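Notes follow the structure.
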2 protein chains.
Amino acid sequence: MDTLNHEQITSLFLALGILLAAAKILGELATRFKQPSVLGEILAGILLGPTVLGTLAPRVSAYLFPTQGTGALVLDGIMTLAIVLFLLVAGLEVELSSIWRQGKAVLTVGLAGIAVPFALGFTAAELAPKLLGSTAGEAAGSHPLIFPLFFATALSISALPVIAKTLMDLNLYRSDLGMMTIAAAVFNDLLGWIIFAIVLGMMGASSAQTFSVGQTIGLVLLFALVCLTLLRWGIHRLLPWIQAHTSWPGGVLGFALSLALLGAALTEWLGVHAIFGSFLVGVALGDSPHFRRRIRAVIDQFVSFIFAPLFFAGIGLKVNFLLHFQPGLVLAVLLIACAGKIFGCWFGGRIAGMAPREAWALGFTMNARGAMEIILGLVALRYGVIGEPMFVALVVMALVTSLLTGPALTRILRLRHPCRLSDYLSSRGFFTLTAGDRETALREMAAAVAQPTGLDARVVAETILARERQMSTGLGHGVAVPHARLPDLESPFVAVGLSPAGIDFEAPDGLPAQIIFLILTPREDQGAQLEILAEISRLCRQPEVRQKIMQTGNFTEFLALVNTR
Amino acid sequence: MDTLNHEQITSLFLALGILLAAAKILGELATRFKQPSVLGEILAGILLGPTVLGTLAPRVSAYLFPTQGTGALVLDGIMTLAIVLFLLVAGLEVELSSIWRQGKAVLTVGLAGIAVPFALGFTAAELAPKLLGSTAGEAAGSHPLIFPLFFATALSISALPVIAKTLMDLNLYRSDLGMMTIAAAVFNDLLGWIIFAIVLGMMGASSAQTFSVGQTIGLVLLFALVCLTLLRWGIHRLLPWIQAHTSWPGGVLGFALSLALLGAALTEWLGVHAIFGSFLVGVALGDSPHFRRRIRAVIDQFVSFIFAPLFFAGIGLKVNFLLHFQPGLVLAVLLIACAGKIFGCWFGGRIAGMAPREAWALGFTMNARGAMEIILGLVALRYGVIGEPMFVALVVMALVTSLLTGPALTRILRLRHPCRLSDYLSSRGFFTLTAGDRETALREMAAAVAQPTGLDARVVAETILARERQMSTGLGHGVAVPHARLPDLESPFVAVGLSPAGIDFEAPDGLPAQIIFLILTPREDQGAQLEILAEISRLCRQPEVRQKIMQTGNFTEFLALVNTR
């Protein structure tokens, strides 16, 4: 029986450990700069792969991330498993019902949003294949339409996860515009993936010979149809039985995962990539209301936080990004991609009767490309349809369009980012109070915040006390929230004072306040104060949180508590 | 760049999907017969591996689960990853603090519980190595003590997960005896694993040449010491910072997993198996109170429900269990294992001042062996220390001792299994009521349960109504729990009647009852009624559950609801 030897196991775990650690660290750094974490994760791979480490220390890079032999194959197997599971999660997020609920407008936007970039991409690739780096002509016997079709598809699929995340971050997810965008993106994705499956069938058919192109396309369409109808119906019927008669949550988890793996095997066998099968199984599974949120969360968290970063870091390992960076090509791809998508969605939105501003917002949101383009590019690279420079250009295009979405949307809709309590806490505004009465305590806190905010302590104290005299700010349960809006403040600042003995804040329940949040917000920013107040009240509603706050020894533990609720 | 080809990917996902599905289905069947699920999971591998499928359809088996070439290596890599993650979970379950809390008695029991089986195993292996199927003599240059040491260790390690699960199932986990057993098992495990690491070092050193035996042992002990002191302290310090400054829960998850992978790489490099590193990292991580339950749950659920079944099914693939089943050897291993462990723990318990009955209970509980023996056996098989027959004997021993634990403990302590509501529900006792008043409704339900329980409908009705006249059983919130203890009933029976219009049960809140649980229990079984009542009250306390019960169309959906709360 062939097994991995001592050295192979060592290098496998070392590679996985280093790759995961680097991806998580750079991913976190990216979010720190308000960028999508996938940017940092790919960067981690670029640093550890041929681009940087491979150039600086080729032997270390070759030992950790071998490109030939058993080590490379095992790593490729694990990465393939990772991406298949990630596509399962992507599929679970698709809500078929939301497409129907939004009616005809979604169809218009979704169709225009895919037709325009597709047509533009196809034309460009047909007119200037060499300029765009097509290698399809070189691969023996491959169909002349493969490269234009691939390029058009790669420009047409929106990044559902990025769009959903951006809308959530901006508190727009549940708005009309948000639901419309999500529904259009889902429709867009489904359509794009079916076209992609056809292109994959054409690629696959030219290398493997199990089925002809026509057969592959027919069978894949049949499989997609079965997944979206029969399988969906069957799963919906079966889930209550599984939950009634197997252990919870192991039974459902096992069912979902084995179905996804088998779906992956089936589509790979049919001649398209394994990811297509797990994606469709995910759509069929996620659509059933019997598929509980807890199961979704377990799969989602393990896959999104462990497997996805490993996979995206793995992308950076594939290619030397510096060597294959061709500025002209990158710019051309980026321009064609943005022009087609933004104009197409704007056009669809206008036809569907949206206001110009909303239609632009829709266009810029749908413009986000992401993981899917990269996966598509990877498959095309594997089958020799594109070369390394085009792959690099696609990755850059996906990253840049994703980066643009948030700022563009904020600008167009003149939004402001919602306030998050943890952004305004600081170790310099966290202390234990010595005062025994309300006024002394508030003066003590005002004095403490003067330095970090650059305000005059006396002005702060008077403003808070004036507010306090109008109505006391004791919330009850030992929590008080004195607050003030100040003209000279640039951004909100929240100080936290702990008083083990308790200070009377005239709370409705008569309990003395032990946790005092002093909330200072800029006078112009109307919403900030309310948002921060709401978050504090949500946080302190849980008795165990109040208790833990009183036990925290230091600011870091306090911040950890706020962050993990 | 070497990547898996089309056919390899197809067979990989087909293999994983089939293996997982079979493992989950047979695992569920095992729990249905009140057996540990690991039994069914291993059986799934035996059915799909060389033992059954390999004999009946060798070509199918060879295609799905290749034993040579790239396919075998990739599968081996994924299985190794699975077991490394499973050991991380096992490590997370170890509570170092509980060892100290239970004081000296734990040390006595733990030491005696490892020393006696170890001595017995060592002696047996020294006296009759050939009888026990040692192959160590044949492996060139291997140390003569390796086989006795391995055999002694394999008999000494208890199966912490099996023990914990058994105690929980019997409601003994939080009892004095339960905490004592768990603490002793933890101590036992840690000691056993350190000895195992030494044995592994001796095995590894004879094949790979990075370190000498002495160096490996020294470095592994040093690593264990560092994990249990410095690393543990460092993690405890670092966790609040990570939770405060990274995204939740992705940051902590990534930290835990990369640490485990790197620990695995380190111990593999030192010359012992990778699993030892992730186990120790797990112990160091799990011991910090900052390591939140939610993170634990995400890792635990994904690994225990997906990776562990895959791994255990994979065990069945390794060996032809029928061909290598030697009844004499299996019996000898089983007897030596049971005698040493049960007597050793009983002896330790008696010295520590336990009553004879408790000491026996302790002995039989600690006798449970499981995953660890199998993993140990797998490693020994890989390094050629044992042959297939001994491996089969170890697997059988682990399974049989695990199977014995529950029944033995129940018998010794004269326990009864706690009642679970879902065990007494039946589709024949689930219906919509037509009656509008209490007496008619209860007579209707009594008539309906007569057939499935074999009782006289009139006797049932009179007993319930008599009870109802003493005090009404309306719980409030639209729930009523009429109940009766009946002489001729063999096991409890719970019928559920839904009344959309509501029936007055004189509830404290005056609301008419829409959900009526009719609870019938045997007259002799004092506890059953109370336990079922408590579970119903817990279930119906949640408003959304009451609402969903009223919406369920059929019994399966109702049972799913009860099971997944």
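Residues are referred to by chain and number: the chain letter is A, B, ... according to the order shown in the structure tokens, the number counts from 1 in that chain, and ligands are numbered separately from 1 in the order shown.
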Close residues, Ile503 in chain B itself excluded, 6 Å, only C-alpha atoms, min 2 positions apart in chain, as a list in words: Gly436, Asp437, Pro512 and Ala513 of chain B
Selection to disk with C-alpha atoms, as a compact mmCIF listing (two decimals), in the first residue's frame:
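So the final result, stored in result_5.txt, reads:
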# COMPACT_ATOMS: atom_id res chain seq x y z
CA GLY B 436 -63.88 21.12 21.59
CA ASP B 437 -63.79 20.35 25.34
CA PRO B 512 -56.71 27.40 25.66
CA ALA B 513 -54.35 24.49 24.94
Excluding Leu190 in chain B and its own-chain neighbours fewer than 6 positions away, which residues fall within 12 Å of it when counting only C-alpha atoms? Please give them as a ChimeraX atom specification. /B:90-91,94-96,99,107,110-111,114,153,156-160,183-184,196-197,221,224-225,228,276,279-280,283,372
Go ahead and write the selection's residues with C-alpha atoms as a CSV table (one decimal), in the first residue's frame.
chain,number,residue,atom,x,y,z
B,90,ALA,CA,-9.3,15.2,21.2
B,91,GLY,CA,-6.7,17.5,22.7
B,94,VAL,CA,-8.6,17.4,27.8
B,95,GLU,CA,-9.1,19.6,30.9
B,96,LEU,CA,-5.7,19.8,32.6
B,99,ILE,CA,-6.8,16.6,37.0
B,107,LEU,CA,-3.1,10.3,40.4
B,110,GLY,CA,-4.5,7.1,36.7
B,111,LEU,CA,-1.1,5.6,37.6
B,114,ILE,CA,-1.8,2.6,33.3
B,153,THR,CA,1.1,1.2,25.3
B,156,SER,CA,-2.9,1.2,28.4
B,157,ILE,CA,-4.5,4.2,26.7
B,158,SER,CA,-8.2,4.7,27.5
B,159,ALA,CA,-10.5,6.2,24.9
B,160,LEU,CA,-11.4,9.6,26.4
B,183,ALA,CA,-9.8,13.2,35.3
B,184,ALA,CA,-8.2,9.8,35.6
B,196,PHE,CA,3.7,6.4,22.9
B,197,ALA,CA,5.8,9.3,21.6
B,221,LEU,CA,9.6,15.3,25.9
B,224,ALA,CA,5.5,18.2,25.3
B,225,LEU,CA,6.8,20.2,28.3
B,228,LEU,CA,2.0,22.2,28.5
B,276,PHE,CA,1.2,14.0,18.5
B,279,PHE,CA,-2.9,16.7,20.1
B,280,LEU,CA,-0.5,18.7,22.3
B,283,VAL,CA,-4.4,20.5,25.0
B,372,MET,CA,-6.2,5.9,19.9
Counting only C-alpha atoms, what are the residues of range 270-305 of chain A within 12 Å of range 537-561 of chain B, and for each of them which pair of atoms is the nearest and at what distance in Å, to one decimal? Sort the table by chain and rising number, as a Markdown table.
| residue | atom | partner | partner_atom | distance |
| --- | --- | --- | --- | --- |
| A:Pro289 | CA | B:Glu557 | CA | 12.0 |
| A:His290 | CA | B:Glu557 | CA | 9.1 |
| A:Phe291 | CA | B:Ala560 | CA | 11.4 |
| A:Arg292 | CA | B:Leu561 | CA | 10.7 |
Between CA of Val385 in chain A and CA of Ile146 in chain A, what is the spacing in Å?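 Those two atoms sit 7.5 Å apart.
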For CA of Trp269 in chain B and CA of Thr10 in chain A, determine how far apart the two atoms are, in Å to one decimal place.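 Here the two named atoms are 5.7 Å from each other.
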Atomic separation - CA of Ala72 in chain A relative to CA of Ala313 in chain A, Å: 14.8 Å
Taking only C-alpha atoms into account, name the residue in B:Leu262, B:Val199, B:Ala115, B:Leu331 that is nearest to Phe151 in chain B.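 Among the listed residues, B:Val199 lies closest to Phe151 in chain B.
Close contacts of Ile515 in chain A, defined as residues with an atom at most 7 Å away when counting only C-alpha atoms, with chain neighbours fewer than 6 positions off set aside, comprise Gly478, Val479, Ala480, Gly497, Leu498 and Ser499 of chain A.
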From a DSSP pass on the backbone, collect the residues of range 134-225 of chain A flagged as alpha helix (DSSP H) and hand them back as a PyMOL selection string. chain A and resi 146-156+160-169+176-207+213-225
With only C-alpha atoms as the atoms that count, which of B:Arg101, B:Pro407, B:Ala22, B:Leu511 lies nearest to Ile306 in chain B?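 That would be B:Ala22, the residue with the smallest distance to Ile306 in chain B.
Counting only C-alpha atoms, the residue from B:Glu268, B:Glu41, B:Glu462, B:Asp189 that sits nearest to chain A is B:Glu268.
Using only C-alpha atoms, the nearest neighbour of Leu270 in chain B within the list B:Leu310, B:Ala256, B:Met202, B:Val396 is B:Met202.
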Proximity to chain A - best of B:Ala274, B:Leu64, B:Ala119, B:Ile46, only C-alpha atoms: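 Looking at the shortest contact to chain A, the residue is B:Ala274.
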Taking 3 positions as the minimum chain separation for residues in the same chain, which residues sit within 10 Å of Ala62 in chain A when counting only C-alpha atoms? Answer as a list in words.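 Using only C-alpha atoms, the neighbours found are Gly49, Pro50, Leu53, Gly54, Ala57, Pro58, Arg59, Phe65, Pro66, Thr67, Gln68 and Ala72 of chain A.
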Limited to C-alpha atoms, could you put the picked residues into a file as an mmCIF file, in the first residue's frame?
data_model
loop_
_atom_site.group_PDB
_atom_site.id
_atom_site.type_symbol
_atom_site.label_atom_id
_atom_site.label_comp_id
_atom_site.auth_asym_id
_atom_site.auth_seq_id
_atom_site.Cartn_x
_atom_site.Cartn_y
_atom_site.Cartn_z
ATOM 1 C CA GLY A 49 5.220 31.340 -4.193
ATOM 2 C CA PRO A 50 7.441 31.755 -7.249
ATOM 3 C CA LEU A 53 10.106 33.495 -2.076
ATOM 4 C CA GLY A 54 10.779 31.449 -5.207
ATOM 5 C CA ALA A 57 15.142 31.461 -1.852
ATOM 6 C CA PRO A 58 14.273 28.934 -4.575
ATOM 7 C CA ARG A 59 15.268 25.909 -2.469
ATOM 8 C CA PHE A 65 5.582 24.127 -2.119
ATOM 9 C CA PRO A 66 6.896 21.614 -4.637
ATOM 10 C CA THR A 67 5.631 22.035 -8.204
ATOM 11 C CA GLN A 68 6.509 18.485 -9.241
ATOM 12 C CA ALA A 72 2.627 18.835 -5.525
#
Which is closer to chain A than all the others in B:Gly201, B:Gly192, B:Gly271, B:Pro356, using only C-alpha atoms?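 Checking each candidate against chain A, we get B:Gly271 as the closest.
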Contact residues around range 322-329 of chain B with only C-alpha atoms at 9 Å, ignoring same-chain residues under 6 positions, as a list in words: Thr51, Val52, Leu131, Leu132, Gly133, Glu388, Pro389, Met390, Phe391, Val392 and Ala393 of chain B
Go ahead and write the selection's residues with N, CA and C atoms as a PDB file, in the first residue's frame.
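Output below, filename out_30.pdb:
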ATOM      1  N   THR B  51     -11.732  -6.259   2.211  1.00  0.00           N
ATOM      2  CA  THR B  51     -12.420  -7.373   2.859  1.00  0.00           C
ATOM      3  C   THR B  51     -13.637  -7.841   2.061  1.00  0.00           C
ATOM      4  N   VAL B  52     -14.517  -6.899   1.679  1.00  0.00           N
ATOM      5  CA  VAL B  52     -15.743  -7.321   0.989  1.00  0.00           C
ATOM      6  C   VAL B  52     -15.744  -6.912  -0.492  1.00  0.00           C
ATOM      7  N   LEU B 131       3.789 -15.450  19.368  1.00  0.00           N
ATOM      8  CA  LEU B 131       2.368 -15.760  19.528  1.00  0.00           C
ATOM      9  C   LEU B 131       1.520 -14.528  19.259  1.00  0.00           C
ATOM     10  N   LEU B 132       2.034 -13.383  19.704  1.00  0.00           N
ATOM     11  CA  LEU B 132       1.279 -12.148  19.538  1.00  0.00           C
ATOM     12  C   LEU B 132       1.552 -11.505  18.176  1.00  0.00           C
ATOM     13  N   GLY B 133       2.291 -12.204  17.351  1.00  0.00           N
ATOM     14  CA  GLY B 133       2.428 -11.739  15.970  1.00  0.00           C
ATOM     15  C   GLY B 133       3.395 -10.592  15.795  1.00  0.00           C
ATOM     16  N   GLU B 388      -0.546  -7.442   9.814  1.00  0.00           N
ATOM     17  CA  GLU B 388      -1.982  -7.246   9.667  1.00  0.00           C
ATOM     18  C   GLU B 388      -2.807  -7.954  10.750  1.00  0.00           C
ATOM     19  N   PRO B 389      -2.489  -9.236  11.114  1.00  0.00           N
ATOM     20  CA  PRO B 389      -3.340  -9.915  12.102  1.00  0.00           C
ATOM     21  C   PRO B 389      -3.401  -9.159  13.437  1.00  0.00           C
ATOM     22  N   MET B 390      -2.245  -8.651  13.901  1.00  0.00           N
ATOM     23  CA  MET B 390      -2.222  -7.910  15.155  1.00  0.00           C
ATOM     24  C   MET B 390      -3.044  -6.624  15.023  1.00  0.00           C
ATOM     25  N   PHE B 391      -2.959  -5.977  13.862  1.00  0.00           N
ATOM     26  CA  PHE B 391      -3.733  -4.753  13.637  1.00  0.00           C
ATOM     27  C   PHE B 391      -5.236  -5.058  13.727  1.00  0.00           C
ATOM     28  N   VAL B 392      -5.650  -6.142  13.078  1.00  0.00           N
ATOM     29  CA  VAL B 392      -7.055  -6.539  13.131  1.00  0.00           C
ATOM     30  C   VAL B 392      -7.462  -6.818  14.587  1.00  0.00           C
ATOM     31  N   ALA B 393      -6.578  -7.517  15.324  1.00  0.00           N
ATOM     32  CA  ALA B 393      -6.888  -7.842  16.722  1.00  0.00           C
ATOM     33  C   ALA B 393      -7.054  -6.565  17.543  1.00  0.00           C
TER      34      ALA B 393
END
Contact residues around range 235-252 of chain B with only C-alpha atoms at 10 Å, ignoring same-chain residues under 2 positions, as number ranges by chain: A: 21, 24-25, 27-29, 31-32, 301-302, 304-306, 422, 554-565; B: 227, 230-233, 254-258, 281, 284-292, 294-295, 298
